[in-house]
file run.txt (compact mmCIF, C-alpha atoms)
# COMPACT_ATOMS: atom_id res chain seq x y z
CA MET A 1 -20.22 -2.84 -9.24
CA PRO A 2 -18.23 -5.45 -7.27
CA LEU A 3 -16.47 -7.81 -9.67
CA ASP A 4 -15.91 -11.53 -9.41
CA LYS A 5 -12.13 -11.84 -9.28
CA ARG A 6 -10.20 -15.09 -9.30
CA ASP A 7 -6.70 -16.18 -8.36
CA PHE A 8 -4.31 -15.10 -11.07
CA PRO A 9 -0.79 -16.44 -11.75
CA LEU A 10 1.85 -14.13 -10.31
CA ILE A 11 4.12 -14.74 -13.29
CA ASP A 12 1.54 -13.03 -15.52
CA ILE A 13 0.78 -9.86 -13.57
CA ARG A 14 2.73 -7.77 -16.07
CA ARG A 15 -0.29 -8.17 -18.36
CA HIS A 16 -2.22 -5.82 -16.07
CA LEU A 17 0.49 -3.42 -14.94
CA GLU A 18 2.94 -2.97 -17.82
CA THR A 19 0.40 -0.93 -19.79
CA GLY A 20 0.80 1.80 -17.16
CA PRO A 21 -2.70 2.29 -15.70
CA ILE A 22 -3.54 4.62 -12.86
CA VAL A 23 -3.95 2.39 -9.81
CA LEU A 24 -5.59 2.76 -6.43
CA VAL A 25 -3.28 1.78 -3.60
CA THR A 26 -4.95 0.72 -0.37
CA SER A 27 -3.24 0.68 2.99
CA GLN A 28 -4.11 -0.23 6.56
CA TRP A 29 -2.33 0.70 9.76
CA GLN A 30 -3.54 0.77 13.35
CA GLY A 31 -7.15 0.21 12.39
CA GLN A 32 -7.25 2.97 9.74
CA SER A 33 -7.50 2.25 6.05
CA ASN A 34 -6.73 4.64 3.22
CA ILE A 35 -6.79 4.79 -0.58
CA MET A 36 -4.49 6.80 -2.83
CA THR A 37 -4.16 7.19 -6.59
CA MET A 38 -0.79 6.29 -8.10
CA GLY A 39 0.57 6.39 -11.63
CA TRP A 40 4.34 6.10 -11.12
CA HIS A 41 5.00 2.38 -11.10
CA SER A 42 7.01 -0.21 -13.03
CA MET A 43 7.31 -3.96 -13.23
CA MET A 44 10.78 -4.95 -12.00
CA GLN A 45 10.93 -8.75 -12.08
CA PHE A 46 8.81 -11.73 -13.18
CA SER A 47 9.53 -14.15 -10.30
CA PRO A 48 9.29 -13.31 -7.52
CA ALA A 49 6.90 -10.78 -9.01
CA LEU A 50 8.33 -7.34 -8.20
CA VAL A 51 6.72 -3.96 -8.78
CA GLY A 52 8.37 -0.64 -7.94
CA CYS A 53 6.34 2.46 -7.19
CA TYR A 54 6.71 6.04 -6.06
CA ILE A 55 4.60 7.16 -3.11
CA TRP A 56 5.05 10.80 -2.28
CA GLU A 57 6.21 11.43 1.28
CA GLY A 58 3.63 14.17 1.71
CA ASN A 59 0.85 11.66 1.20
CA ARG A 60 -0.71 10.18 4.35
CA SER A 61 -0.50 6.77 2.74
CA HIS A 62 3.30 6.97 2.65
CA ALA A 63 3.69 6.71 6.42
CA MET A 64 0.95 4.07 6.77
CA ILE A 65 2.39 1.92 3.99
CA HIS A 66 5.95 2.28 5.24
CA ALA A 67 4.91 1.28 8.77
CA ALA A 68 2.72 -1.63 7.66
CA ARG A 69 5.19 -2.73 4.95
CA GLU A 70 2.16 -3.91 2.99
CA CYS A 71 -0.35 -2.54 0.51
CA VAL A 72 -2.76 -3.61 -2.21
CA ILE A 73 -2.45 -2.28 -5.77
CA ASN A 74 -5.94 -2.17 -7.32
CA VAL A 75 -6.53 -1.46 -11.02
CA PRO A 76 -9.66 0.58 -11.86
CA THR A 77 -11.37 0.90 -15.24
CA GLU A 78 -13.12 3.81 -16.94
CA ASP A 79 -16.37 3.32 -15.00
CA LEU A 80 -14.48 4.27 -11.83
CA ALA A 81 -12.89 7.45 -13.22
CA ASP A 82 -15.08 9.69 -11.03
CA GLN A 83 -13.93 7.90 -7.89
CA VAL A 84 -10.29 7.99 -9.02
CA VAL A 85 -10.48 11.77 -9.47
CA GLN A 86 -12.27 12.17 -6.14
CA ILE A 87 -9.63 10.15 -4.30
CA GLY A 88 -6.76 11.93 -6.03
CA ASN A 89 -8.14 15.29 -4.97
CA SER A 90 -9.08 14.53 -1.37
CA HIS A 91 -6.99 14.34 1.79
CA ALA A 92 -6.85 11.59 4.39
CA ASP A 93 -8.11 14.10 6.96
CA ALA A 94 -11.38 14.26 5.04
CA GLY A 95 -12.27 10.81 6.41
CA ASP A 96 -12.89 7.29 5.16
CA LYS A 97 -12.42 7.21 1.40
CA PHE A 98 -14.38 3.99 1.06
CA ALA A 99 -17.42 5.68 2.59
CA ALA A 100 -16.87 8.89 0.62
CA THR A 101 -16.62 7.13 -2.73
CA GLY A 102 -18.98 4.20 -2.22
CA LEU A 103 -16.21 1.74 -3.08
CA THR A 104 -16.38 -1.64 -1.34
CA SER A 105 -13.62 -2.89 0.93
CA VAL A 106 -12.88 -6.63 0.78
CA THR A 107 -10.58 -8.49 3.17
CA ALA A 108 -7.32 -9.55 1.54
CA SER A 109 -5.83 -12.98 2.12
CA ARG A 110 -2.15 -12.23 2.73
CA VAL A 111 -2.03 -8.59 3.86
CA GLY A 112 -3.96 -6.27 6.18
CA ALA A 113 -4.81 -3.67 3.54
CA PRO A 114 -8.16 -4.23 1.81
CA LEU A 115 -8.95 -5.08 -1.80
CA ILE A 116 -11.32 -2.77 -3.68
CA ALA A 117 -14.21 -4.92 -4.95
CA GLU A 118 -15.01 -2.69 -7.93
CA CYS A 119 -11.47 -2.80 -9.35
CA TYR A 120 -11.00 -5.57 -11.90
CA ALA A 121 -7.54 -6.51 -10.61
CA SER A 122 -6.03 -6.40 -7.12
CA PHE A 123 -2.47 -7.30 -6.18
CA GLU A 124 -1.54 -7.96 -2.56
CA CYS A 125 1.97 -6.67 -1.89
CA LYS A 126 4.62 -7.04 0.79
CA LEU A 127 7.60 -4.72 0.98
CA PHE A 128 10.54 -6.50 -0.64
CA ASP A 129 13.22 -3.80 -0.58
CA ASP A 130 13.14 -0.37 1.04
CA GLN A 131 16.59 0.91 0.05
CA LEU A 132 15.16 3.64 -2.20
CA VAL A 133 12.41 4.77 0.17
CA HIS A 134 14.45 7.36 2.03
CA ASP A 135 16.01 9.08 -0.97
CA TYR A 136 13.35 8.53 -3.64
CA SER A 137 10.09 7.51 -1.89
CA PHE A 138 10.31 4.48 -4.19
CA PHE A 139 9.08 1.16 -2.77
CA ILE A 140 9.94 -2.23 -4.25
CA TRP A 141 7.03 -4.62 -3.66
CA GLU A 142 6.67 -8.35 -4.00
CA VAL A 143 3.20 -9.26 -5.22
CA VAL A 144 2.25 -12.26 -3.06
CA LYS A 145 -1.32 -12.79 -4.25
CA ALA A 146 -3.14 -11.66 -7.37
CA HIS A 147 -6.90 -11.43 -7.99
CA VAL A 148 -8.14 -10.62 -11.49
CA ALA A 149 -11.62 -10.60 -13.06
CA ASP A 150 -11.99 -12.27 -16.44
CA ILE A 151 -12.29 -9.13 -18.57
CA VAL A 152 -10.94 -8.96 -22.11
CA ALA A 153 -9.18 -5.68 -22.94
CA PRO A 154 -10.02 -3.83 -19.71
CA ARG A 155 -10.66 -0.10 -20.23
CA THR A 156 -7.99 1.06 -17.83
CA ILE A 157 -7.30 4.78 -17.46
CA HIS A 158 -3.87 6.32 -17.86
CA TYR A 159 -2.93 9.72 -16.50
CA ARG A 160 -1.65 12.35 -18.95
CA GLY A 161 -1.22 15.10 -16.35
CA GLN A 162 -3.21 18.37 -16.13
CA GLY A 163 -6.39 16.57 -15.12
CA THR A 164 -6.68 14.47 -18.27
CA PHE A 165 -6.65 10.72 -18.80
CA MET A 166 -6.27 8.39 -21.76
CA VAL A 167 -8.56 5.34 -21.84
CA ALA A 168 -7.19 2.01 -23.09
CA GLY A 169 -8.30 1.64 -26.69
CA LYS A 170 -8.13 -1.00 -29.38
CA GLU A 171 -5.96 -4.10 -29.26
CA LEU A 172 -3.19 -5.08 -31.67
CA ASP A 173 -2.34 -8.78 -31.97
CA PHE A 174 1.23 -9.46 -33.10
CA ARG A 175 1.55 -12.95 -31.60
CA ALA A 176 2.38 -14.48 -34.95
CA ARG A 177 5.38 -12.16 -35.27
CA PHE A 178 6.84 -12.94 -31.83
CA LYS A 179 9.58 -15.45 -31.16
CA SER A 180 8.20 -18.15 -28.87
CA GLN A 181 10.66 -17.33 -26.07
CA ASN A 182 9.39 -13.74 -26.06
CA LEU A 183 5.76 -14.68 -25.50
CA MET B 1 7.85 9.65 -41.27
CA PRO B 2 10.36 11.87 -39.43
CA LEU B 3 8.54 14.24 -37.09
CA ASP B 4 9.26 17.87 -36.27
CA LYS B 5 10.03 17.78 -32.56
CA ARG B 6 10.66 20.81 -30.39
CA ASP B 7 12.25 21.45 -27.01
CA PHE B 8 9.87 20.38 -24.30
CA PRO B 9 9.94 21.42 -20.62
CA LEU B 10 11.54 18.74 -18.48
CA ILE B 11 9.05 19.38 -15.67
CA ASP B 12 6.26 18.11 -17.95
CA ILE B 13 7.74 14.88 -19.31
CA ARG B 14 5.37 12.81 -17.13
CA ARG B 15 2.68 13.73 -19.69
CA HIS B 16 4.39 11.39 -22.18
CA LEU B 17 5.71 8.64 -19.90
CA GLU B 18 3.25 8.19 -17.03
CA THR B 19 0.68 6.60 -19.36
CA GLY B 20 3.06 3.62 -19.65
CA PRO B 21 3.87 3.37 -23.37
CA ILE B 22 6.29 0.91 -24.89
CA VAL B 23 9.42 2.90 -25.64
CA LEU B 24 12.44 2.42 -27.87
CA VAL B 25 15.70 2.91 -26.00
CA THR B 26 18.71 3.86 -28.11
CA SER B 27 22.29 3.44 -27.01
CA GLN B 28 25.73 4.12 -28.38
CA TRP B 29 29.07 2.76 -27.27
CA GLN B 30 32.39 2.53 -29.07
CA GLY B 31 30.90 3.51 -32.42
CA GLN B 32 28.05 1.01 -32.29
CA SER B 33 24.43 2.03 -31.84
CA ASN B 34 21.54 -0.15 -30.80
CA ILE B 35 17.78 0.02 -30.22
CA MET B 36 15.74 -2.02 -27.74
CA THR B 37 12.08 -2.10 -26.79
CA MET B 38 11.23 -1.43 -23.16
CA GLY B 39 7.98 -1.38 -21.21
CA TRP B 40 9.14 -1.49 -17.59
CA HIS B 41 9.63 2.14 -16.62
CA SER B 42 8.34 4.65 -14.11
CA MET B 43 8.56 8.35 -13.46
CA MET B 44 10.43 8.88 -10.18
CA GLN B 45 10.76 12.64 -9.72
CA PHE B 46 9.62 15.90 -11.34
CA SER B 47 12.81 17.98 -10.92
CA PRO B 48 15.41 16.95 -11.71
CA ALA B 49 13.30 14.80 -14.02
CA LEU B 50 14.01 11.19 -13.05
CA VAL B 51 12.83 8.03 -14.80
CA GLY B 52 13.59 4.51 -13.60
CA CYS B 53 13.68 1.59 -16.00
CA TYR B 54 14.49 -2.10 -16.13
CA ILE B 55 16.95 -3.24 -18.79
CA TRP B 56 17.46 -6.99 -18.81
CA GLU B 57 21.08 -8.01 -18.32
CA GLY B 58 20.78 -10.50 -21.17
CA ASN B 59 20.09 -7.69 -23.60
CA ARG B 60 23.09 -6.34 -25.55
CA SER B 61 21.85 -2.84 -24.77
CA HIS B 62 22.39 -3.41 -21.04
CA ALA B 63 26.19 -3.52 -21.29
CA MET B 64 26.33 -0.66 -23.82
CA ILE B 65 24.06 1.56 -21.75
CA HIS B 66 25.83 0.75 -18.51
CA ALA B 67 29.22 1.54 -20.06
CA ALA B 68 28.07 4.74 -21.77
CA ARG B 69 25.92 5.82 -18.77
CA GLU B 70 23.63 7.45 -21.33
CA CYS B 71 20.65 6.56 -23.48
CA VAL B 72 17.69 8.09 -25.28
CA ILE B 73 14.12 7.03 -24.47
CA ASN B 74 12.01 7.40 -27.63
CA VAL B 75 8.22 7.07 -27.64
CA PRO B 76 6.68 5.44 -30.73
CA THR B 77 3.04 5.57 -31.84
CA GLU B 78 0.79 3.01 -33.52
CA ASP B 79 2.20 3.64 -37.01
CA LEU B 80 5.54 2.25 -35.76
CA ALA B 81 4.11 -0.94 -34.24
CA ASP B 82 5.69 -3.11 -36.94
CA GLN B 83 9.14 -1.74 -36.23
CA VAL B 84 8.61 -2.08 -32.46
CA VAL B 85 7.77 -5.77 -32.87
CA GLN B 86 10.69 -6.28 -35.24
CA ILE B 87 13.14 -4.69 -32.80
CA GLY B 88 11.73 -6.61 -29.83
CA ASN B 89 12.21 -9.88 -31.66
CA SER B 90 15.67 -9.35 -33.12
CA HIS B 91 19.14 -9.62 -31.62
CA ALA B 92 21.97 -7.13 -31.69
CA ASP B 93 24.04 -9.71 -33.57
CA ALA B 94 21.62 -9.36 -36.48
CA GLY B 95 23.15 -5.99 -37.29
CA ASP B 96 22.18 -2.34 -37.38
CA LYS B 97 18.57 -1.98 -36.27
CA PHE B 98 18.26 1.43 -37.88
CA ALA B 99 19.09 -0.08 -41.25
CA ALA B 100 16.92 -3.15 -40.63
CA THR B 101 13.83 -1.14 -39.67
CA GLY B 102 14.25 1.95 -41.83
CA LEU B 103 14.10 4.19 -38.76
CA THR B 104 16.12 7.41 -38.96
CA SER B 105 18.93 8.19 -36.55
CA VAL B 106 19.27 11.84 -35.47
CA THR B 107 22.18 13.24 -33.46
CA ALA B 108 21.22 14.11 -29.90
CA SER B 109 22.37 17.33 -28.26
CA ARG B 110 23.50 16.16 -24.82
CA VAL B 111 24.26 12.43 -25.18
CA GLY B 112 25.99 10.13 -27.68
CA ALA B 113 23.01 7.86 -28.28
CA PRO B 114 20.81 8.90 -31.22
CA LEU B 115 17.23 10.12 -31.28
CA ILE B 116 14.75 8.24 -33.49
CA ALA B 117 13.26 10.76 -35.92
CA GLU B 118 9.98 8.88 -36.39
CA CYS B 119 9.17 8.75 -32.65
CA TYR B 120 7.02 11.67 -31.53
CA ALA B 121 8.95 12.14 -28.26
CA SER B 122 12.61 11.58 -27.39
CA PHE B 123 14.21 12.05 -23.99
CA GLU B 124 17.97 12.31 -23.65
CA CYS B 125 19.08 10.61 -20.43
CA LYS B 126 22.18 10.51 -18.26
CA LEU B 127 22.62 7.88 -15.56
CA PHE B 128 21.68 9.48 -12.25
CA ASP B 129 21.92 6.54 -9.85
CA ASP B 130 23.15 3.01 -10.50
CA GLN B 131 22.63 1.49 -7.05
CA LEU B 132 19.91 -0.88 -8.30
CA VAL B 133 21.66 -1.94 -11.50
CA HIS B 134 23.58 -4.87 -10.04
CA ASP B 135 20.70 -6.47 -8.14
CA TYR B 136 17.69 -5.43 -10.23
CA SER B 137 18.98 -4.25 -13.64
CA PHE B 138 17.10 -1.07 -12.79
CA PHE B 139 18.60 2.23 -13.96
CA ILE B 140 17.63 5.62 -12.57
CA TRP B 141 17.96 8.24 -15.33
CA GLU B 142 17.95 12.00 -15.32
CA VAL B 143 16.28 13.34 -18.43
CA VAL B 144 18.54 16.23 -19.49
CA LYS B 145 16.85 17.22 -22.75
CA ALA B 146 13.35 16.54 -24.09
CA HIS B 147 12.12 16.74 -27.69
CA VAL B 148 8.39 16.36 -28.36
CA ALA B 149 6.29 16.82 -31.50
CA ASP B 150 3.07 18.79 -31.15
CA ILE B 151 0.62 15.88 -31.34
CA VAL B 152 -2.65 15.90 -29.41
CA ALA B 153 -3.50 12.54 -27.82
CA PRO B 154 -0.65 10.50 -29.36
CA ARG B 155 -1.65 6.92 -30.21
CA THR B 156 1.04 5.30 -28.11
CA ILE B 157 1.14 1.51 -27.80
CA HIS B 158 1.15 -0.31 -24.49
CA TYR B 159 2.31 -3.90 -24.09
CA ARG B 160 -0.14 -6.42 -22.63
CA GLY B 161 2.19 -9.43 -22.88
CA GLN B 162 1.74 -12.47 -25.15
CA GLY B 163 2.40 -10.47 -28.29
CA THR B 164 -0.53 -8.08 -27.86
CA PHE B 165 -0.66 -4.33 -27.43
CA MET B 166 -3.27 -1.81 -26.37
CA VAL B 167 -3.41 1.45 -28.32
CA ALA B 168 -4.08 4.72 -26.50
CA GLY B 169 -7.78 5.48 -26.91
CA LYS B 170 -10.12 8.32 -26.08
CA GLU B 171 -9.35 11.18 -23.71
CA LEU B 172 -11.16 12.08 -20.50
CA ASP B 173 -10.94 15.67 -19.29
CA PHE B 174 -11.40 16.10 -15.54
CA ARG B 175 -9.53 19.40 -15.20
CA ALA B 176 -12.53 21.13 -13.68
CA ARG B 177 -12.60 18.54 -10.87
CA PHE B 178 -8.89 18.87 -9.96
CA LYS B 179 -7.54 21.03 -7.18
CA SER B 180 -5.24 23.66 -8.72
CA GLN B 181 -2.17 22.37 -6.84
CA ASN B 182 -2.73 18.94 -8.40
CA LEU B 183 -2.67 20.20 -11.98

call {"tool": "encode", "arguments": {"input": "run.txt", "output": "structure tokens"}}
result
Amino acid sequence: MPLDKRDFPLIDIRRHLETGPIVLVTSQWQGQSNIMTMGWHSMMQFSPALVGCYIWEGNRSHAMIHAARECVINVPTEDLADQVVQIGNSHADAGDKFAATGLTSVTASRVGAPLIAECYASFECKLFDDQLVHDYSFFIWEVVKAHVADIVAPRTIHYRGQGTFMVAGKELDFRARFKSQNL
Amino acid sequence: MPLDKRDFPLIDIRRHLETGPIVLVTSQWQGQSNIMTMGWHSMMQFSPALVGCYIWEGNRSHAMIHAARECVINVPTEDLADQVVQIGNSHADAGDKFAATGLTSVTASRVGAPLIAECYASFECKLFDDQLVHDYSFFIWEVVKAHVADIVAPRTIHYRGQGTFMVAGKELDFRARFKSQNL
């Protein structure tokens, strides 16, 4: 189901990425769009908001994303696990992944790649530093626009390898134990 | 409680890191050891097994780890959440974090930094590439030895910011839907 996402402060995007969810990365280049699954990513800086991620060179998305120097990182929840598995096990040659999965493409505001309407969070990214792309296929992105639906404790899915996922479970609140400067 | 960990294949370490848990990074330099919490990390390569991670320059561990060019990445579970919060909110000047938390230091086999006995997984790391350390405080590590206890679906904890954590929840098994080369 398409979700109602709102502008979200860039300084806070770690709240949706640091937990390590599988994400769906969308790309667009020369009129073609694509979606790939990706689990190898890390926050790298609060402001500007930087996220590093590995995109395998053998993946069609690698060339499209490198050429466009843009992408969108979309965060799915458990209800989209079927589509995540389908995308992760299909090839770009098989055709339009939006059509194949029934996911809805939404125009982004700052980049050419589309948002995925059904994902609860979408982060529009521009390539900030490509120095590790050649040797490591590792892209350093600046998130330039964030869209997040107002969901408490989203049931993100986290890849354990060998075809299995862990679903985000219960919450622990330690705010009272944190120093104020660490919150 | 100290856990019985065994040698674990380096090619499979993504199974314990890709889900994005908070980890405890141990360091040792000039006879001093230290522990820090860290949530900004990413797998970067299967073989050699590479992991990238951000270690804030303001953290005492940064200088120790950079000088030693070694560390151990230890993965705690929910039962250690108190100690994780304590470590994340204390300063190296406050003294030995092993003594302060009651965690048990174990000698590593390939690096000077200690393993944490109570963490279910520990990965001994040597600095593989420091080209992003100056600009991004981002270290690229080669995991040279892995120790993992035989725990099914470990209840790792994942930082959501603002003093709250998500605990690893239920498992989804999609093995039957994966192409064999993706397993």

call {"tool": "atom_distance", "arguments": {"input": "run.txt", "atom1": "atom CA of Ala67 of chain A", "atom2": "atom CA of Trp29 of chain A"}}
result
7.3 Å

call {"tool": "closest_residue", "arguments": {"input": "run.txt", "among": "B:Ala117, B:Ala168, B:Ala94, B:Met1", "to": "chain A", "atoms": "all atoms listed in the file"}}
result
B:Ala168

call {"tool": "atom_distance", "arguments": {"input": "run.txt", "atom1": "atom CA of Leu132 of chain B", "atom2": "atom CA of Arg60 of chain A"}}
result
26.6 Å

call {"tool": "interface_residues", "arguments": {"input": "run.txt", "of": "chain A", "to": "chain B", "cutoff": "9 Å", "atoms": "all atoms listed in the file", "output": "number ranges by chain"}}
result
A: 12, 14-22, 39-45, 52-54, 81-82, 85-86, 88-90, 132, 136-138, 153, 157-179, 182-183

call {"tool": "axis_aligned_box", "arguments": {"input": "run.txt", "around": "segment 62-73 of chain B", "padding_each_side": "3 Å", "output": "JSON"}}
result
{"center_x": 21.7, "center_y": 2.3, "center_z": -21.9, "size_x": 21.1, "size_y": 17.6, "size_z": 12.8}

call {"tool": "atom_distance", "arguments": {"input": "run.txt", "atom1": "atom CA of Arg69 of chain B", "atom2": "atom CA of His147 of chain B"}}
result
19.7 Å

call {"tool": "build_atoms", "arguments": {"input": "run.txt", "residues": "segment 173-183 of chain B", "atoms": "all heavy atoms", "output": "short mmCIF file (atom, residue, chain, number, x, y, z; two decimals), in the frame of the given file"}}
result
data_model
loop_
_atom_site.label_atom_id
_atom_site.label_comp_id
_atom_site.auth_asym_id
_atom_site.auth_seq_id
_atom_site.Cartn_x
_atom_site.Cartn_y
_atom_site.Cartn_z
N ASP B 173 -11.40 14.39 -19.84
CA ASP B 173 -10.94 15.67 -19.29
C ASP B 173 -11.63 15.95 -17.96
O ASP B 173 -12.83 16.24 -17.93
CB ASP B 173 -11.22 16.80 -20.29
CG ASP B 173 -10.65 18.13 -19.84
OD1 ASP B 173 -10.26 18.25 -18.65
OD2 ASP B 173 -10.59 19.05 -20.66
N PHE B 174 -10.87 15.84 -16.88
CA PHE B 174 -11.40 16.10 -15.54
C PHE B 174 -10.80 17.36 -14.93
O PHE B 174 -10.82 17.53 -13.72
CB PHE B 174 -11.10 14.90 -14.63
CG PHE B 174 -12.04 13.74 -14.80
CD1 PHE B 174 -11.71 12.66 -15.60
CD2 PHE B 174 -13.26 13.72 -14.13
CE1 PHE B 174 -12.57 11.58 -15.75
CE2 PHE B 174 -14.13 12.65 -14.28
CZ PHE B 174 -13.79 11.58 -15.07
N ARG B 175 -10.23 18.23 -15.76
CA ARG B 175 -9.53 19.40 -15.20
C ARG B 175 -10.38 20.19 -14.22
O ARG B 175 -9.90 20.65 -13.19
CB ARG B 175 -9.06 20.33 -16.33
CG ARG B 175 -7.66 19.98 -16.82
CD ARG B 175 -7.26 20.83 -17.99
NE ARG B 175 -7.99 20.41 -19.18
CZ ARG B 175 -7.67 20.77 -20.42
NH1 ARG B 175 -6.63 21.58 -20.62
NH2 ARG B 175 -8.35 20.34 -21.45
N ALA B 176 -11.66 20.31 -14.53
CA ALA B 176 -12.53 21.13 -13.68
C ALA B 176 -12.69 20.51 -12.28
O ALA B 176 -13.04 21.21 -11.33
CB ALA B 176 -13.90 21.29 -14.34
N ARG B 177 -12.42 19.22 -12.16
CA ARG B 177 -12.60 18.54 -10.87
C ARG B 177 -11.29 18.50 -10.06
O ARG B 177 -11.28 18.03 -8.92
CB ARG B 177 -13.06 17.10 -11.10
CG ARG B 177 -14.45 16.95 -11.76
CD ARG B 177 -15.53 16.75 -10.70
NE ARG B 177 -15.15 15.70 -9.76
CZ ARG B 177 -15.34 14.38 -9.96
NH1 ARG B 177 -15.91 13.95 -11.06
NH2 ARG B 177 -14.97 13.51 -9.05
N PHE B 178 -10.18 18.94 -10.65
CA PHE B 178 -8.89 18.87 -9.96
C PHE B 178 -8.63 20.11 -9.12
O PHE B 178 -8.93 21.23 -9.56
CB PHE B 178 -7.74 18.69 -10.96
CG PHE B 178 -7.45 17.25 -11.29
CD1 PHE B 178 -8.42 16.45 -11.85
CD2 PHE B 178 -6.20 16.71 -11.03
CE1 PHE B 178 -8.15 15.11 -12.15
CE2 PHE B 178 -5.91 15.38 -11.33
CZ PHE B 178 -6.89 14.58 -11.89
N LYS B 179 -8.05 19.90 -7.95
CA LYS B 179 -7.54 21.03 -7.18
C LYS B 179 -6.39 21.65 -7.96
O LYS B 179 -5.59 20.94 -8.58
CB LYS B 179 -7.03 20.56 -5.82
CG LYS B 179 -8.12 20.14 -4.86
CD LYS B 179 -7.50 19.72 -3.53
CE LYS B 179 -8.56 19.28 -2.54
NZ LYS B 179 -7.98 18.63 -1.36
N SER B 180 -6.25 22.98 -7.89
CA SER B 180 -5.24 23.66 -8.72
C SER B 180 -3.83 23.15 -8.42
O SER B 180 -3.02 23.00 -9.33
CB SER B 180 -5.32 25.17 -8.50
OG SER B 180 -5.14 25.45 -7.13
N GLN B 181 -3.54 22.82 -7.16
CA GLN B 181 -2.17 22.37 -6.84
C GLN B 181 -1.89 20.96 -7.38
O GLN B 181 -0.74 20.52 -7.39
CB GLN B 181 -1.88 22.41 -5.33
CG GLN B 181 -2.65 21.41 -4.50
CD GLN B 181 -3.96 21.96 -3.93
OE1 GLN B 181 -4.58 22.84 -4.55
NE2 GLN B 181 -4.37 21.47 -2.79
N ASN B 182 -2.93 20.28 -7.83
CA ASN B 182 -2.73 18.94 -8.40
C ASN B 182 -2.61 18.96 -9.92
O ASN B 182 -2.42 17.92 -10.53
CB ASN B 182 -3.89 18.01 -8.00
CG ASN B 182 -3.88 17.70 -6.51
OD1 ASN B 182 -2.87 17.93 -5.83
ND2 ASN B 182 -4.97 17.18 -6.00
N LEU B 183 -2.75 20.14 -10.51
CA LEU B 183 -2.67 20.20 -11.98
C LEU B 183 -1.24 20.43 -12.45
O LEU B 183 -0.38 20.82 -11.69
CB LEU B 183 -3.59 21.30 -12.51
CG LEU B 183 -5.06 20.96 -12.45
CD1 LEU B 183 -5.90 22.16 -12.88
CD2 LEU B 183 -5.40 19.77 -13.34
#
